[in-house]
Each structure stands twice: as C-alpha cells, then as structure tokens.
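Participant: So here's input_31.cif (mmCIF, C-alpha atoms).
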```cif
data_entry
loop_
_atom_site.group_PDB
_atom_site.id
_atom_site.type_symbol
_atom_site.label_atom_id
_atom_site.label_comp_id
_atom_site.auth_asym_id
_atom_site.auth_seq_id
_atom_site.Cartn_x
_atom_site.Cartn_y
_atom_site.Cartn_z
ATOM 1 C CA ALA A 1 67.775 6.315 40.906
ATOM 2 C CA PHE A 2 68.857 9.898 41.708
ATOM 3 C CA ILE A 3 71.541 10.265 39.017
ATOM 4 C CA HIS A 4 70.159 11.093 35.608
ATOM 5 C CA GLY A 5 71.668 11.579 32.189
ATOM 6 C CA THR A 6 75.180 11.256 30.885
ATOM 7 C CA LEU A 7 77.787 13.984 31.121
ATOM 8 C CA ASP A 8 81.080 14.148 29.249
ATOM 9 C CA GLN A 9 83.772 16.432 30.599
ATOM 10 C CA GLY A 10 85.733 15.918 27.399
ATOM 11 C CA GLN A 11 89.514 16.173 27.403
ATOM 12 C CA THR A 12 89.583 18.622 30.314
ATOM 13 C CA SER A 13 90.882 18.678 33.876
ATOM 14 C CA GLU A 14 87.415 19.537 35.177
ATOM 15 C CA CYS A 15 86.565 16.150 36.691
ATOM 16 C CA GLY A 16 86.208 17.563 40.234
ATOM 17 C CA PRO A 17 83.636 20.194 39.231
ATOM 18 C CA PHE A 18 81.770 17.664 37.067
ATOM 19 C CA MET A 19 81.687 15.223 40.002
ATOM 20 C CA CYS A 20 80.382 17.994 42.270
ATOM 21 C CA ARG A 21 77.729 18.941 39.702
ATOM 22 C CA ARG A 22 76.483 15.337 39.596
ATOM 23 C CA TRP A 23 76.461 15.136 43.399
ATOM 24 C CA CYS A 24 74.482 18.377 43.694
ATOM 25 C CA GLY A 25 71.920 17.261 41.114
ATOM 26 C CA ALA A 26 71.508 13.852 42.766
ATOM 27 C CA VAL A 27 71.131 15.340 46.247
ATOM 28 C CA ARG A 28 68.564 17.854 44.970
ATOM 29 C CA THR A 29 66.556 15.023 43.376
ATOM 30 C CA MET A 30 66.891 12.872 46.491
ATOM 31 C CA ASN A 31 65.564 15.749 48.621
ATOM 32 C CA GLY A 32 62.525 16.245 46.386
ATOM 33 C CA ARG A 33 63.727 19.340 44.552
ATOM 34 C CA PRO A 34 63.783 19.737 40.772
ATOM 35 C CA GLY A 35 65.949 16.966 39.388
ATOM 36 C CA GLY A 36 67.880 18.867 36.756
ATOM 37 C CA ASP A 37 71.228 20.210 37.843
ATOM 38 C CA LEU A 38 71.299 22.700 34.942
ATOM 39 C CA PRO A 39 72.069 25.762 37.102
ATOM 40 C CA TYR A 40 75.315 24.100 38.067
ATOM 41 C CA ASP A 41 77.943 24.945 35.473
ATOM 42 C CA ALA A 42 80.994 22.709 35.978
ATOM 43 C CA HIS A 43 83.259 25.043 33.998
ATOM 44 C CA ALA A 44 82.240 28.058 36.112
ATOM 45 C CA LEU A 45 82.985 26.031 39.241
ATOM 46 C CA TYR A 46 86.358 25.025 37.778
ATOM 47 C CA LEU A 47 87.239 28.674 37.155
ATOM 48 C CA THR A 48 86.182 29.545 40.716
ATOM 49 C CA THR A 49 88.656 26.986 42.108
ATOM 50 C CA GLY A 50 91.468 29.119 40.727
ATOM 51 C CA ALA A 51 93.071 26.155 38.969
ATOM 52 C CA HIS A 52 95.539 26.980 36.222
ATOM 53 C CA PRO A 53 94.104 26.291 32.745
ATOM 54 C CA GLY A 54 94.475 22.578 32.096
ATOM 55 C CA GLY A 55 95.463 21.931 35.719
ATOM 56 C CA GLY A 56 93.484 19.720 38.031
ATOM 57 C CA THR A 57 91.814 20.567 41.308
ATOM 58 C CA THR A 58 91.496 18.904 44.688
ATOM 59 C CA LEU A 59 88.306 17.802 46.405
ATOM 60 C CA GLU A 60 88.912 20.526 48.995
ATOM 61 C CA GLY A 61 89.346 23.136 46.254
ATOM 62 C CA VAL A 62 86.102 22.107 44.594
ATOM 63 C CA LEU A 63 84.221 22.271 47.905
ATOM 64 C CA ALA A 64 85.658 25.690 48.776
ATOM 65 C CA ALA A 65 84.639 27.004 45.343
ATOM 66 C CA ALA A 66 81.155 25.447 45.562
ATOM 67 C CA LEU A 67 80.567 27.178 48.896
ATOM 68 C CA ILE A 68 81.142 30.628 47.367
ATOM 69 C CA MET A 69 79.327 30.204 44.040
ATOM 70 C CA PRO A 70 76.619 32.848 43.336
ATOM 71 C CA ILE A 71 73.975 30.120 43.223
ATOM 72 C CA PRO A 72 74.289 28.194 46.511
ATOM 73 C CA TRP A 73 75.615 24.818 45.437
ATOM 74 C CA ILE A 74 76.160 23.382 48.902
ATOM 75 C CA ASP A 75 74.757 24.299 52.319
ATOM 76 C CA PRO A 76 77.509 26.193 54.202
ATOM 77 C CA SER A 77 76.768 24.154 57.340
ATOM 78 C CA VAL A 78 77.944 20.974 55.618
ATOM 79 C CA THR A 79 80.225 18.658 57.553
ATOM 80 C CA VAL A 80 83.008 16.888 55.671
ATOM 81 C CA TRP A 81 84.186 13.490 56.859
ATOM 82 C CA ASP A 82 87.464 12.166 55.485
ATOM 83 C CA VAL A 83 87.185 8.551 54.416
ATOM 84 C CA PRO A 84 90.581 6.812 54.608
ATOM 85 C CA ASN A 85 89.846 3.518 52.846
ATOM 86 C CA PHE A 86 87.315 1.140 51.310
ATOM 87 C CA ALA A 87 86.145 -0.284 54.661
ATOM 88 C CA HIS A 88 85.263 3.204 55.929
ATOM 89 C CA LEU A 89 83.607 4.007 52.600
ATOM 90 C CA GLN A 90 81.280 1.030 53.090
ATOM 91 C CA PHE A 91 80.255 2.405 56.469
ATOM 92 C CA ALA A 92 79.903 5.966 55.153
ATOM 93 C CA LEU A 93 77.656 5.008 52.251
ATOM 94 C CA ILE A 94 75.245 3.377 54.683
ATOM 95 C CA LYS A 95 74.746 6.808 56.286
ATOM 96 C CA VAL A 96 74.884 8.952 53.136
ATOM 97 C CA ARG A 97 74.287 7.963 49.558
ATOM 98 C CA TYR A 98 77.391 9.355 47.821
ATOM 99 C CA ALA A 99 81.077 10.031 48.422
ATOM 100 C CA TRP A 100 83.500 12.302 46.608
ATOM 101 C CA VAL A 101 86.557 10.277 45.561
ATOM 102 C CA GLY A 102 89.921 11.344 44.181
ATOM 103 C CA ILE A 103 91.638 8.291 42.745
ATOM 104 C CA ASN A 104 94.679 7.553 40.610
ATOM 105 C CA VAL A 105 93.861 6.193 37.183
ATOM 106 C CA ASP A 106 95.896 3.074 36.503
ATOM 107 C CA SER A 107 97.038 1.175 33.432
ATOM 108 C CA ASN A 108 93.895 -0.964 33.414
ATOM 109 C CA TRP A 109 91.398 1.883 32.949
ATOM 110 C CA ASP A 110 91.693 1.450 29.187
ATOM 111 C CA ARG A 111 90.537 -2.156 29.679
ATOM 112 C CA ILE A 112 87.175 -1.230 31.262
ATOM 113 C CA ASP A 113 84.456 -2.774 29.110
ATOM 114 C CA GLU A 114 80.719 -2.102 28.721
ATOM 115 C CA GLY A 115 80.145 -4.005 31.983
ATOM 116 C CA GLY A 116 82.119 -1.306 33.783
ATOM 117 C CA VAL A 117 84.554 -3.622 35.558
ATOM 118 C CA LEU A 118 88.032 -2.199 36.182
ATOM 119 C CA PRO A 119 90.450 -5.152 35.991
ATOM 120 C CA ARG A 120 92.656 -5.496 39.062
ATOM 121 C CA GLY A 121 96.435 -5.254 39.090
ATOM 122 C CA GLY A 122 97.035 -2.073 37.108
ATOM 123 C CA THR A 123 99.947 0.276 37.675
ATOM 124 C CA PRO A 124 99.041 3.853 38.682
ATOM 125 C CA LEU A 125 99.765 6.362 35.904
ATOM 126 C CA LYS A 126 101.853 9.458 36.660
ATOM 127 C CA ASP A 127 99.827 12.642 37.266
ATOM 128 C CA ALA A 128 96.569 10.838 36.453
ATOM 129 C CA GLY A 129 94.261 11.599 39.355
ATOM 130 C CA HIS A 130 90.549 11.565 38.642
ATOM 131 C CA ALA A 131 87.492 12.679 40.647
ATOM 132 C CA VAL A 132 84.566 10.265 40.689
ATOM 133 C CA LEU A 133 81.376 9.906 42.688
ATOM 134 C CA ALA A 134 81.058 6.680 44.713
ATOM 135 C CA ALA A 135 77.466 5.521 44.936
ATOM 136 C CA GLY A 136 77.177 1.885 45.941
ATOM 137 C CA PHE A 137 78.647 -1.560 46.382
ATOM 138 C CA GLU A 138 78.568 -4.952 44.775
ATOM 139 C CA GLY A 139 80.445 -7.584 46.743
ATOM 140 C CA ASP A 140 84.010 -6.404 47.381
ATOM 141 C CA SER A 141 83.750 -3.588 44.841
ATOM 142 C CA CYS A 142 82.254 -0.118 44.727
ATOM 143 C CA TRP A 143 80.431 1.559 41.853
ATOM 144 C CA VAL A 144 81.699 5.006 40.930
ATOM 145 C CA LEU A 145 80.524 7.478 38.317
ATOM 146 C CA THR A 146 82.925 9.066 35.849
ATOM 147 C CA ASN A 147 81.875 11.860 33.519
ATOM 148 C CA TRP A 148 83.403 10.431 30.368
ATOM 149 C CA GLY A 149 80.296 10.113 28.219
ATOM 150 C CA GLN A 150 79.320 6.632 27.016
ATOM 151 C CA PHE A 151 82.029 4.882 28.986
ATOM 152 C CA GLY A 152 81.729 1.910 31.299
ATOM 153 C CA LYS A 153 78.307 0.652 32.346
ATOM 154 C CA ARG A 154 74.938 2.291 31.942
ATOM 155 C CA PHE A 155 72.429 2.417 34.806
ATOM 156 C CA GLY A 156 69.096 3.912 33.785
ATOM 157 C CA ASP A 157 69.893 6.800 31.476
ATOM 158 C CA ALA A 158 73.336 7.505 32.974
ATOM 159 C CA TRP A 159 76.515 6.118 31.395
ATOM 160 C CA GLY A 160 79.918 6.303 33.035
ATOM 161 C CA TRP A 161 79.697 3.772 35.872
ATOM 162 C CA ILE A 162 82.705 1.629 36.734
ATOM 163 C CA LYS A 163 83.224 -1.019 39.385
ATOM 164 C CA ILE A 164 86.473 -0.834 41.377
ATOM 165 C CA HIS A 165 87.607 -3.712 43.598
ATOM 166 C CA ARG A 166 88.474 -2.804 47.191
ATOM 167 C CA GLU A 167 92.193 -3.660 46.738
ATOM 168 C CA THR A 168 92.453 -1.396 43.698
ATOM 169 C CA PHE A 169 90.443 1.309 45.461
ATOM 170 C CA ASP A 170 92.727 1.321 48.507
ATOM 171 C CA ALA A 171 95.921 1.106 46.427
ATOM 172 C CA ASN A 172 94.933 4.045 44.191
ATOM 173 C CA LEU A 173 92.987 6.249 46.638
ATOM 174 C CA ILE A 174 94.135 9.867 46.777
ATOM 175 C CA ASP A 175 91.331 11.363 48.870
ATOM 176 C CA CYS A 176 87.718 10.624 49.764
ATOM 177 C CA HIS A 177 85.045 12.684 51.520
ATOM 178 C CA VAL A 178 81.414 12.375 52.428
ATOM 179 C CA LEU A 179 79.410 15.547 52.948
ATOM 180 C CA PHE A 180 76.466 15.678 55.322
ATOM 181 C CA ARG A 181 74.556 17.764 57.843
ATOM 182 C CA ASN A 182 73.921 16.594 61.390
ATOM 183 C CA ALA A 183 70.128 16.660 61.723
ATOM 184 C CA GLY A 184 70.263 15.802 65.439
ATOM 185 C CA GLN A 185 69.916 12.576 67.413
ATOM 186 C CA GLY A 186 72.483 10.822 65.239
ATOM 187 C CA VAL A 187 70.565 11.494 62.011
ATOM 188 C CA VAL A 188 72.570 12.445 58.949
ATOM 189 C CA ALA A 189 70.913 14.625 56.319
ATOM 190 C CA LEU A 190 71.962 16.097 53.005
#
```
Here is the file; what I need is its structure written in the form of structure tokens.
Facilitator:
Amino acid sequence: AFIHGTLDQGQTSECGPFMCRRWCGAVRTMNGRPGGDLPYDAHALYLTTGAHPGGGTTLEGVLAAALIMPIPWIDPSVTVWDVPNFAHLQFALIKVRYAWVGINVDSNWDRIDEGGVLPRGGTPLKDAGHAVLAAGFEGDSCWVLTNWGQFGKRFGDAWGWIKIHRETFDANLIDCHVLFRNAGQGVVAL
C-alpha cells in the first residue's frame, strides 16, 4: 500500500540506489508525508556512492551515500541491523515493513512469469548481484521489488514484484539489512 508506481532502472548498475529511492518513498508515505519520492534521484545517489561507471554498489555504499545527500534521504540516527537469512528476515519484517536485500540473480530469473514466481533450483550467475526491497511473505516465500519496469507481478500500480522461496533466498543471499530508529520502550520507528 505504500509503494506506488513502476520504476525501470534500465540496463544500468544502479539497482542499489533505485531500491533506496523506493524505500525512502514508501517510508515517507507510511509516515504520512507526501507520497512521491521525486526529490530522490537514483542516478545522483549512484554517483555519490563513488561507484565506477557501470560498476555496482553495496548496500553499505548506498546507505553511506544516502546519509550525505544534500536532501536528507535517511535520518542520520538510523540503526542498521544485519539480517543473516530468511528466518531472521521473517522476524525483522514483523518489526519494520521493508528490508534492503542484495541477492545473486540465478539462471531461473529469466523464467519469472507475470505471477512473479521465481522457480527454485537455479544456478547463481557470475557477477550478477541485484538489490531488491523485501516487503512481505507468502508461505515459505518472500515478496521483493525489483526496478525492472513491467516485470514480474503487479500489486496496485507497481510492477516489479517477485516471489523468492526461502531456500533460494538463503542460497543466493549476499547481504540484507533493515533500517530503523529505536523510539524507546522496545518500539521501532522509521
């Protein structure tokens, strides 16, 4: 309900900044601020990471760049919790709504249909990491958002959703973080 519209990063290595842009827009909407994330330019964030043209970034690099952007993308008091696997992701998404995920694309990503299901059993591709935004669960799978235009499943007006089974998630996980602020008395805020 907090993610709107479809973004397409095109044939670029800017998936991390696009994922961060979507997260920022969703968190702003969730917190009752204007829903559009238009001030957040994914390419400007990519350049701020210092990545070589055509080179990818890390989740940590995207966060570090977002913290120093001229428009404050993320509260500097944010806490980052590393999420080591699918089981911890399930727990984390109960406390916060989204998680930043770096995952290896595997040989089955080209078999994702309009239902968004990533078939299990693929072989990870070399140098094919991708940043996605995890946002929910269905059975033993999680829903993540790519920024590849009209790809995967559509929820509301946002295309790009895919469903990854827990075994595939754990086998292909590179890195995963949830970002939150401690609002006191065990309450997590964004």
Participant: Report the residues retrieved by the PyMOL selection byres ((chain A and resi 177) around 9) from the displayed file, expressed as a compact mmCIF listing (two decimals) with C-alpha atoms, in the coordinates of the input.
Facilitator:
```
# COMPACT_ATOMS: atom_id res chain seq x y z
CA LEU A 59 88.31 17.80 46.40
CA VAL A 80 83.01 16.89 55.67
CA TRP A 81 84.19 13.49 56.86
CA ASP A 82 87.46 12.17 55.48
CA VAL A 83 87.18 8.55 54.42
CA PRO A 84 90.58 6.81 54.61
CA LEU A 89 83.61 4.01 52.60
CA ALA A 99 81.08 10.03 48.42
CA TRP A 100 83.50 12.30 46.61
CA VAL A 101 86.56 10.28 45.56
CA GLY A 102 89.92 11.34 44.18
CA ASP A 175 91.33 11.36 48.87
CA CYS A 176 87.72 10.62 49.76
CA VAL A 178 81.41 12.38 52.43
CA LEU A 179 79.41 15.55 52.95
```
Participant: Looking at all atoms listed in the file, which of A:Asp110, A:Leu63, A:Val117, A:Asp8 is the one that sits closest to Trp23 (chain A)?
Facilitator: A:Leu63
Participant: Compile the contact shell of Asp75 (chain A) as a list of chain:residue names: residues with an atom at most 10 Å away, counting all atoms listed in the file, same-chain residues fewer than 4 positions apart removed.
Facilitator: A:Ala66, A:Leu67, A:Thr79, A:Leu179, A:Phe180, A:Arg181, A:Leu190
Participant: Dig up all the protein and nucleic acid residues within 8 Å of (86.2, 16.6, 43.7) in the file frame, using all atoms listed in the file, and format them as a ChimeraX atom specification.
Facilitator: /A:15-17,19-20,57-63,100-102,131-132
Participant: Selection from above, C-alpha atoms, as a PDB file, keeping the file's coordinate frame, can you write it?
Facilitator:
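Full text of out.pdb as output:
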```
ATOM      1  CA  CYS A  15      86.565  16.150  36.691  1.00  0.00           C
ATOM      2  CA  GLY A  16      86.208  17.563  40.234  1.00  0.00           C
ATOM      3  CA  PRO A  17      83.636  20.194  39.231  1.00  0.00           C
ATOM      4  CA  MET A  19      81.687  15.223  40.002  1.00  0.00           C
ATOM      5  CA  CYS A  20      80.382  17.994  42.270  1.00  0.00           C
ATOM      6  CA  THR A  57      91.814  20.567  41.308  1.00  0.00           C
ATOM      7  CA  THR A  58      91.496  18.904  44.688  1.00  0.00           C
ATOM      8  CA  LEU A  59      88.306  17.802  46.405  1.00  0.00           C
ATOM      9  CA  GLU A  60      88.912  20.526  48.995  1.00  0.00           C
ATOM     10  CA  GLY A  61      89.346  23.136  46.254  1.00  0.00           C
ATOM     11  CA  VAL A  62      86.102  22.107  44.594  1.00  0.00           C
ATOM     12  CA  LEU A  63      84.221  22.271  47.905  1.00  0.00           C
ATOM     13  CA  TRP A 100      83.500  12.302  46.608  1.00  0.00           C
ATOM     14  CA  VAL A 101      86.557  10.277  45.561  1.00  0.00           C
ATOM     15  CA  GLY A 102      89.921  11.344  44.181  1.00  0.00           C
ATOM     16  CA  ALA A 131      87.492  12.679  40.647  1.00  0.00           C
ATOM     17  CA  VAL A 132      84.566  10.265  40.689  1.00  0.00           C
TER      18      VAL A 132
END
```
Participant: Tell me which residues the PyMOL selection byres ((chain A and resi 90) around 12) grabs here, as a PyMOL selection string.
Facilitator: chain A and resi 83-89+91-99+134-143+166+169+178
Participant: In Å to one decimal, how far is CA of Trp109 (chain A) from CA of Lys126 (chain A)?
Facilitator: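 Rounded to one decimal, the two atoms are 13.4 Å apart.
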Participant: Could you name the residues that touch Gly115 (chain A) at 9 Å or less, counting only C-alpha atoms, but leaving out those on the same chain fewer than 2 positions away, as a PyMOL selection string?
Facilitator: chain A and resi 112-113+117+152-154+161-163
Participant: Taking all atoms listed in the file into account, which of A:Thr123, A:Asn31, A:Asn172, A:Gln11 comes nearest Asn108 (chain A)?
Facilitator: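 Nearest candidate to Asn108 (chain A) out of A:Thr123, A:Asn31, A:Asn172, A:Gln11: A:Thr123.
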Participant: I need the residue nearest Gly129 (chain A) from this list: A:Ile68, A:Ile164, A:Ile174, A:Val144. Use only C-alpha atoms for the distance.
Facilitator: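 Of all the options, A:Ile174 lies closest to Gly129 (chain A).
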Participant: Nearest residue to Ala44 (chain A) out of A:Gly25, A:Pro119, A:Gly56, A:Pro70, using all atoms listed in the file?
Facilitator: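 Of all the options, A:Pro70 lies closest to Ala44 (chain A).
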Participant: The PyMOL selection byres ((chain A and resi 147) around 10) - which residues does that actually catch in the file I just gave you? List them as an MDAnalysis selection string.
Facilitator: chainID A and resid 6:10 14:16 18:19 22 131:133 145:146 148:151 158:161
Participant: Pick out the closest residue to Arg28 (chain A) from this set: A:Asp41, A:Ala51, A:Leu125, A:Pro72. Count only C-alpha atoms.
Facilitator: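 Under the stated criterion, the closest residue is A:Pro72.
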Participant: I'd like to know which of A:Pro53, A:Gly121, A:Ala64, A:Asp170 is closest to Val78 (chain A), using all atoms listed in the file.
Facilitator: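 Of the candidates, the smallest distance to Val78 (chain A) is held by A:Ala64.
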Participant: CA of Ala171 (chain A) to CA of Leu118 (chain A): how many Å, to one decimal?
Facilitator: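 Taking CA of Ala171 (chain A) and CA of Leu118 (chain A), their separation equals 13.3 Å.
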Participant: Using Å and a single decimal, report how far CA of Ala65 (chain A) sits from CA of Gly32 (chain A).
Facilitator: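 CA of Gly32 (chain A) sits 24.6 Å away from CA of Ala65 (chain A).
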